[in-house]
Structure formats: structure tokens, C-alpha cells
Amino acid sequence: MLKTLLGPKTDSLDGEKNVAMYSQDVCSPSSFRPAPKLMDGQIHIWTISQRPRTLSDYTFLLSSDEMKRATRMRLPHLFERFVADHGLLRLLLSAYLETDPRLLQFGTNKYGKPRLLIPACRLRFNMSHSGDITMIAICLDAEIGIDVEAIRPIIEWEEIAASHFSLRESASIHAEEASAQIDAFYRCWTRKEALIKAIGTGLSISLDSFSVSTSLKEPAALLHCTWDAEEVSRWSLMHLDPADNYVGALAIRGAAWTTRHFTWP
Ligand SMILES: CC(C)(COP(=O)(O)OP(=O)(O)OC[C@H]1O[C@@H](n2cnc3c(N)ncnc32)[C@H](O)[C@@H]1OP(=O)(O)O)[C@@H](O)C(=O)NCCC(=O)NCCS
């Protein structure tokens with residue numbers, strides 16, 4: 001599989017020579033293998049809700065940099081989630097690449113968006129976590145972003161919308177029945193977040209400089225963009241319903257993508 005996920009010019013691949021060293025038992029629990037086949041034009045969306053039985057199931061997978069980031073987490077449950085999520089990400093990506101999860105190397109762009117450091121690798125991914133759920137989206141050759149949020153009551157949602165969302169988005173949320181406004185708020189939030197994660201520039205983009213749809217009566221979409229009107233036709237947005245009381249969104253460059261959804265375990 002790894003070869004098919006690489007462009008034609010590849011001539012070096014650190015992990016490949018180590019494939020034979022990989023033992024499925026070593027990395028248990030790893031039920032991602034064999035990974036489903038990822039086709040051109042397809043997005044695989046993974047919803048993961050299980051945490052490791054013991055952290056040692058995952059710590060040995062992480063790089064020293066990842067362990068350093070994990071130990072910077074101030075609360076024990078955030079440390080555990082970080083270790084689990086980054087271990088799971090390694091297990092999942094390595095299943096697609098048919099390589100040893102410990103050999104994957106990650107880099108980031110200057111805004112922190114992670115990517116695989118494998119020459120000519122076509123695999124793109126993005127991850128999001130909230131509450132007990134982690135979502136990972138995977139595709140070939142396109143910038144992709146995913147966001148998931150647990151829906152919790154937020155008393156000051158109107159102030160947040162007024163200061164972060166565009167006027168068009170705030171008006172659209174206020175147009176909902178009062179009981180539906182918080183869900184619309186979260187749809188707006190996750191769609192905006194997914195888009196900035198796909199673009200990869202984080203919060204360097206002003207959040208009120210673009211508008212997304214927020215109503216369930218219309219499809220998820222980028223509606224307006226102040227820095228370049230053409231962006232509206234360059235990006236696709238999708239609404240995600242990963243679990244009760246959670247909402248998500250996915251953004252990807254280009255159109256006509258199809259999705260396959262997977263849950264784990
Ligand atoms: C980091 C950020 C990209 C997402 O943060 P978030 O929503 O708190 O967290 P998520 O769980 O959805 O995503 C975090 C993951 O996205 C990835 N990520 C980090 N920086 C990224 C970037 N610039 N672009 C895309 N993905 C990024 C990483 O895999 C990260 O996981 P890690 O921290 O365990 O390595 C950034 O947008 C941010 O800080 N957001 C703050 C929230 C906010 O104000 N949102 C307003 C929405 S209207």
C-alpha cells in the first residue's frame with residue numbers, strides 16, 4: 001500500500017526497509033490493520049472512542065518530542081488523551097502505509113499543522129479531539145481539516161458569536177428557534193474551525209473574514225470569503241454527526257469528494 005500512496009518520483013523511504021521488523025503483536029491493540037483501501041477522490045473519516053487499557057499500550061509508540069509535549073499537559077486526563085490520540089494516530093496512519101508506527105516522522109507548517117515527513121507521500125490527514133471522541137480524516141493529495149466538539153451549554157454563546165463570527169453567521173444563528181440556537185452555534189464553530197485547519201494557517205485568519213452556512217436546512221458550505229471571493233468555489237465543507245451530543249465538520253480543498261465512515265473499536 002505504501003508504494004501506491006507515494007508519487008512516482010519517490011526514491012527513498014525510511015520506513016519501508018523496516019516493514020519486515022514490524023510485529024503486529026508488539027503494537028497490540030492495533031485492529032486498524034488491514035486498513036481499508038483509500039481511493040483517489042475518497043475521504044476516510046475515523047471516529048475513535050476507545051482509550052487504551054493502560055497507557056503503556058501507546059507510550060512506546062510515541063517519539064521523544066511527542067512524549068515531551070504530553071508531559072507539558074497540566075492535567076492527568078489531558079496527558080492520557082494526548083498519549084492515546086497520538087498513539088492511535090500512529091497506528092492508523094501506519095496501517096494505511098503498511099509500516100511500523102514507531103518509524104513515522106511528523107513535521108508541521110509554521111502554524112503547527114502536522115504532516116507526514118515521507119518524501120512524495122500522498123497521504124494527508126487531520127485530527128480533532130473533544131470529550132471522549134477523537135476524529136481523524138485521511139485523503140490523498142488534498143489539504144484537509146476536521147473539527148469535532150462536544151455540545152455543552154455555553155451561557156455566553158451570543159458574545160462569542162458576536163466577537164468571532166461574521167454578521168451573516170450571527171444573524172443565521174439568531175434566526176433559529178431559541179432551543180436550536182446552541183446547535184447552530186456549534187455547527188458554525190466546527191465548520192469555521194475545520195476550514196482554518198484545512199487551510200492550515202490556524203487563527204492567523206480572522207474568524208469573521210469568512211462565512212459558513214449554519215442552518216440544517218442548507219448544506220454545509222463556505223458562503224463568503226473577504227480575502228479572495230474565489231475561495232468559495234475552492235473548498236468543500238461537510239457536516240458530521242459523530243455521536244449523540246457531538247457535532248463535527250470536515251473541510252477539504254476541491255469538489256466531488258466521497259466519504260467513507262469508520263468507527264473504532
Ligand atoms: C490548533 C487549532 C488548529 C485547533 O485547535 P482545537 O480546536 O482546540 O483542537 P482540535 O482538537 O480540533 O485540533 C487539534 C489538532 O489539530 C492539529 N493541528 C494543530 N495545529 C494545526 C493547524 N494550524 N492546522 C490544522 N491542524 C492543526 C493537531 O493534530 C492537533 O492535535 P495535537 O494538539 O494533539 O497535536 C487552532 O485552530 C486553535 O487554536 N483553535 C482555538 C479554538 C478557537 O478559537 N476556535 C474558534 C472557532 S470559530
# chains A, B, ... in the order shown; residues from 1 in each chain; ligands from 1
>>> closest_atom_pairs(of="chain A", to="ligand 1", cutoff="8 Å", atoms="only C-alpha atoms and all ligand atoms", output="JSON lines")
{"residue": "A:Phe82", "atom": "CA", "partner": "ligand 1", "partner_atom_place_in_ligand_line": "34 (O)", "distance": 5.8}
{"residue": "A:Asp85", "atom": "CA", "partner": "ligand 1", "partner_atom_place_in_ligand_line": "34 (O)", "distance": 6.9}
{"residue": "A:His86", "atom": "CA", "partner": "ligand 1", "partner_atom_place_in_ligand_line": "34 (O)", "distance": 6.7}
{"residue": "A:Thr108", "atom": "CA", "partner": "ligand 1", "partner_atom_place_in_ligand_line": "20 (N)", "distance": 7.9}
{"residue": "A:Asn109", "atom": "CA", "partner": "ligand 1", "partner_atom_place_in_ligand_line": "23 (N)", "distance": 7.3}
{"residue": "A:Lys110", "atom": "CA", "partner": "ligand 1", "partner_atom_place_in_ligand_line": "23 (N)", "distance": 7.8}
{"residue": "A:Tyr111", "atom": "CA", "partner": "ligand 1", "partner_atom_place_in_ligand_line": "23 (N)", "distance": 4.4}
{"residue": "A:Gly112", "atom": "CA", "partner": "ligand 1", "partner_atom_place_in_ligand_line": "20 (N)", "distance": 4.1}
{"residue": "A:Lys113", "atom": "CA", "partner": "ligand 1", "partner_atom_place_in_ligand_line": "22 (C)", "distance": 3.5}
{"residue": "A:Pro114", "atom": "CA", "partner": "ligand 1", "partner_atom_place_in_ligand_line": "29 (O)", "distance": 5.8}
{"residue": "A:Asn126", "atom": "CA", "partner": "ligand 1", "partner_atom_place_in_ligand_line": "29 (O)", "distance": 5.9}
{"residue": "A:Met127", "atom": "CA", "partner": "ligand 1", "partner_atom_place_in_ligand_line": "29 (O)", "distance": 4.8}
{"residue": "A:Ser128", "atom": "CA", "partner": "ligand 1", "partner_atom_place_in_ligand_line": "11 (O)", "distance": 3.5}
{"residue": "A:His129", "atom": "CA", "partner": "ligand 1", "partner_atom_place_in_ligand_line": "11 (O)", "distance": 3.9}
{"residue": "A:Ser130", "atom": "CA", "partner": "ligand 1", "partner_atom_place_in_ligand_line": "11 (O)", "distance": 6.1}
{"residue": "A:Thr134", "atom": "CA", "partner": "ligand 1", "partner_atom_place_in_ligand_line": "11 (O)", "distance": 7.8}
{"residue": "A:Gly145", "atom": "CA", "partner": "ligand 1", "partner_atom_place_in_ligand_line": "25 (C)", "distance": 6.1}
{"residue": "A:Ile146", "atom": "CA", "partner": "ligand 1", "partner_atom_place_in_ligand_line": "12 (O)", "distance": 6.8}
{"residue": "A:Asp147", "atom": "CA", "partner": "ligand 1", "partner_atom_place_in_ligand_line": "12 (O)", "distance": 4.6}
{"residue": "A:Val148", "atom": "CA", "partner": "ligand 1", "partner_atom_place_in_ligand_line": "12 (O)", "distance": 6.1}
{"residue": "A:Glu149", "atom": "CA", "partner": "ligand 1", "partner_atom_place_in_ligand_line": "12 (O)", "distance": 7.7}
{"residue": "A:His164", "atom": "CA", "partner": "ligand 1", "partner_atom_place_in_ligand_line": "48 (S)", "distance": 6.2}
{"residue": "A:Phe165", "atom": "CA", "partner": "ligand 1", "partner_atom_place_in_ligand_line": "48 (S)", "distance": 6.7}
{"residue": "A:Cys188", "atom": "CA", "partner": "ligand 1", "partner_atom_place_in_ligand_line": "48 (S)", "distance": 7.0}
{"residue": "A:Trp189", "atom": "CA", "partner": "ligand 1", "partner_atom_place_in_ligand_line": "48 (S)", "distance": 4.2}
{"residue": "A:Thr190", "atom": "CA", "partner": "ligand 1", "partner_atom_place_in_ligand_line": "47 (C)", "distance": 6.5}
{"residue": "A:Arg191", "atom": "CA", "partner": "ligand 1", "partner_atom_place_in_ligand_line": "48 (S)", "distance": 7.8}
{"residue": "A:Lys192", "atom": "CA", "partner": "ligand 1", "partner_atom_place_in_ligand_line": "48 (S)", "distance": 5.2}
{"residue": "A:Glu193", "atom": "CA", "partner": "ligand 1", "partner_atom_place_in_ligand_line": "47 (C)", "distance": 4.7}
{"residue": "A:Ala194", "atom": "CA", "partner": "ligand 1", "partner_atom_place_in_ligand_line": "12 (O)", "distance": 7.7}
{"residue": "A:Ile196", "atom": "CA", "partner": "ligand 1", "partner_atom_place_in_ligand_line": "37 (O)", "distance": 6.4}
{"residue": "A:Lys197", "atom": "CA", "partner": "ligand 1", "partner_atom_place_in_ligand_line": "25 (C)", "distance": 3.5}
{"residue": "A:Ala198", "atom": "CA", "partner": "ligand 1", "partner_atom_place_in_ligand_line": "25 (C)", "distance": 5.9}
{"residue": "A:Ile199", "atom": "CA", "partner": "ligand 1", "partner_atom_place_in_ligand_line": "24 (N)", "distance": 6.9}
{"residue": "A:Gly200", "atom": "CA", "partner": "ligand 1", "partner_atom_place_in_ligand_line": "24 (N)", "distance": 3.9}
{"residue": "A:Thr201", "atom": "CA", "partner": "ligand 1", "partner_atom_place_in_ligand_line": "23 (N)", "distance": 5.1}
{"residue": "A:Gly202", "atom": "CA", "partner": "ligand 1", "partner_atom_place_in_ligand_line": "23 (N)", "distance": 4.1}
{"residue": "A:Leu203", "atom": "CA", "partner": "ligand 1", "partner_atom_place_in_ligand_line": "37 (O)", "distance": 5.5}
{"residue": "A:Leu207", "atom": "CA", "partner": "ligand 1", "partner_atom_place_in_ligand_line": "48 (S)", "distance": 6.2}
>>> residues_around(residues="segment 250-264 of chain A", least_positions_apart="5", cutoff="6 Å", atoms="only C-alpha atoms", output="PyMOL selection string")
chain A and resi 41-48+142-146+194-195+198+234-238
>>> write_last_selection(atoms="C-alpha atoms", output="mmCIF file, in the first residue's frame")
data_model
loop_
_atom_site.group_PDB
_atom_site.id
_atom_site.type_symbol
_atom_site.label_atom_id
_atom_site.label_comp_id
_atom_site.auth_asym_id
_atom_site.auth_seq_id
_atom_site.Cartn_x
_atom_site.Cartn_y
_atom_site.Cartn_z
ATOM 1 C CA GLY A 41 -11.277 11.266 -4.504
ATOM 2 C CA GLN A 42 -12.195 9.464 -1.276
ATOM 3 C CA ILE A 43 -12.080 10.695 2.309
ATOM 4 C CA HIS A 44 -11.872 8.203 5.160
ATOM 5 C CA ILE A 45 -13.330 9.615 8.371
ATOM 6 C CA TRP A 46 -12.493 7.716 11.551
ATOM 7 C CA THR A 47 -14.418 8.218 14.782
ATOM 8 C CA ILE A 48 -12.488 6.756 17.678
ATOM 9 C CA ALA A 142 -5.601 17.489 -0.744
ATOM 10 C CA GLU A 143 -5.485 19.874 2.178
ATOM 11 C CA ILE A 144 -7.976 18.603 4.749
ATOM 12 C CA GLY A 145 -9.248 19.780 8.140
ATOM 13 C CA ILE A 146 -11.589 18.212 10.671
ATOM 14 C CA ALA A 194 -12.441 22.719 10.059
ATOM 15 C CA LEU A 195 -11.856 25.292 7.350
ATOM 16 C CA ALA A 198 -7.699 22.664 6.230
ATOM 17 C CA ARG A 234 -12.195 26.008 -3.937
ATOM 18 C CA TRP A 235 -13.318 24.396 -0.682
ATOM 19 C CA SER A 236 -15.899 21.775 0.246
ATOM 20 C CA LEU A 237 -17.442 21.632 3.705
ATOM 21 C CA MET A 238 -19.264 18.660 5.227
#
>>> residues_around(residues="segment 52-68 of chain A", least_positions_apart="2", cutoff="8 Å", atoms="only C-alpha atoms", output="count of residues only")
16
>>> closest_residue(among="A:Leu91, A:Ile133, A:Ile154, A:Leu216", to="Ile173 of chain A", atoms="only C-alpha atoms")
A:Leu216
>>> select_by_dssp(residues="segment 69-136 of chain A", states="helix (DSSP H, G or I)", output="MDAnalysis selection string")
chainID A and resid 69:71 76:97 101:103
>>> atom_distance(atom1="atom CA of Val232 of chain A", atom2="atom CA of Asp141 of chain A")
19.5 Å
>>> closest_residue(among="A:Cys139, A:Ala243, A:Leu167, A:Leu89", to="Met39 of chain A", atoms="only C-alpha atoms")
A:Cys139
>>> residues_around(residues="Ser170 of chain A", least_positions_apart="6", cutoff="12 Å", atoms="only C-alpha atoms", output="PyMOL selection string")
chain A and resi 157-164+176+181-182+184-189+208+211-215
>>> residues_around(residues="Ala150 of chain A", least_positions_apart="2", cutoff="8 Å", atoms="only C-alpha atoms", output="list in words")
Ser130, Gly131, Val148, Arg152, Asn245, Tyr246 and Val247 of chain A
>>> write_last_selection(atoms="C-alpha atoms", output="short mmCIF file (atom, residue, chain, number, x, y, z; two decimals), in the first residue's frame")
data_model
loop_
_atom_site.label_atom_id
_atom_site.label_comp_id
_atom_site.auth_asym_id
_atom_site.auth_seq_id
_atom_site.Cartn_x
_atom_site.Cartn_y
_atom_site.Cartn_z
CA SER A 130 -13.23 16.70 22.13
CA GLY A 131 -14.53 14.92 25.23
CA VAL A 148 -15.32 17.82 16.48
CA ARG A 152 -22.17 21.69 26.06
CA ASN A 245 -24.20 15.41 21.78
CA TYR A 246 -21.27 15.85 19.44
CA VAL A 247 -21.06 17.76 16.19
#
>>> select_by_dssp(residues="segment 144-250 of chain A", states="strand (DSSP E or B)", output="VMD selection string")
chain A and resid 144 to 150 210 to 212 222 to 225 235 to 240 246 to 250
>>> write_last_selection(atoms="C-alpha atoms", output="PDB file, in the first residue's frame")
ATOM      1  CA  ILE A 144      -7.976  18.603   4.749  1.00  0.00           C
ATOM      2  CA  GLY A 145      -9.248  19.780   8.140  1.00  0.00           C
ATOM      3  CA  ILE A 146     -11.589  18.212  10.671  1.00  0.00           C
ATOM      4  CA  ASP A 147     -13.149  19.509  13.858  1.00  0.00           C
ATOM      5  CA  VAL A 148     -15.320  17.823  16.478  1.00  0.00           C
ATOM      6  CA  GLU A 149     -16.899  19.426  19.517  1.00  0.00           C
ATOM      7  CA  ALA A 150     -18.906  18.030  22.414  1.00  0.00           C
ATOM      8  CA  PHE A 210     -15.383  34.406   6.067  1.00  0.00           C
ATOM      9  CA  SER A 211     -18.894  32.994   6.472  1.00  0.00           C
ATOM     10  CA  VAL A 212     -20.153  29.432   6.565  1.00  0.00           C
ATOM     11  CA  LEU A 222     -18.322  28.247   2.659  1.00  0.00           C
ATOM     12  CA  LEU A 223     -20.585  31.125   1.609  1.00  0.00           C
ATOM     13  CA  HIS A 224     -18.361  34.162   1.553  1.00  0.00           C
ATOM     14  CA  CYS A 225     -14.695  34.990   1.903  1.00  0.00           C
ATOM     15  CA  TRP A 235     -13.318  24.396  -0.682  1.00  0.00           C
ATOM     16  CA  SER A 236     -15.899  21.775   0.246  1.00  0.00           C
ATOM     17  CA  LEU A 237     -17.442  21.632   3.705  1.00  0.00           C
ATOM     18  CA  MET A 238     -19.264  18.660   5.227  1.00  0.00           C
ATOM     19  CA  HIS A 239     -21.425  18.319   8.311  1.00  0.00           C
ATOM     20  CA  LEU A 240     -20.574  15.412  10.630  1.00  0.00           C
ATOM     21  CA  TYR A 246     -21.267  15.846  19.440  1.00  0.00           C
ATOM     22  CA  VAL A 247     -21.055  17.761  16.190  1.00  0.00           C
ATOM     23  CA  GLY A 248     -18.295  17.888  13.642  1.00  0.00           C
ATOM     24  CA  ALA A 249     -17.266  19.315  10.319  1.00  0.00           C
ATOM     25  CA  LEU A 250     -14.794  18.500   7.607  1.00  0.00           C
TER      26      LEU A 250
END
>>> residues_around(residues="Ala95 of chain A", least_positions_apart="2", cutoff="7 Å", atoms="only C-alpha atoms", output="ChimeraX atom specification")
/A:32-35,91-93,97-99
>>> atom_distance(atom1="atom CA of Leu123 of chain A", atom2="atom CA of Ile138 of chain A")
6.9 Å
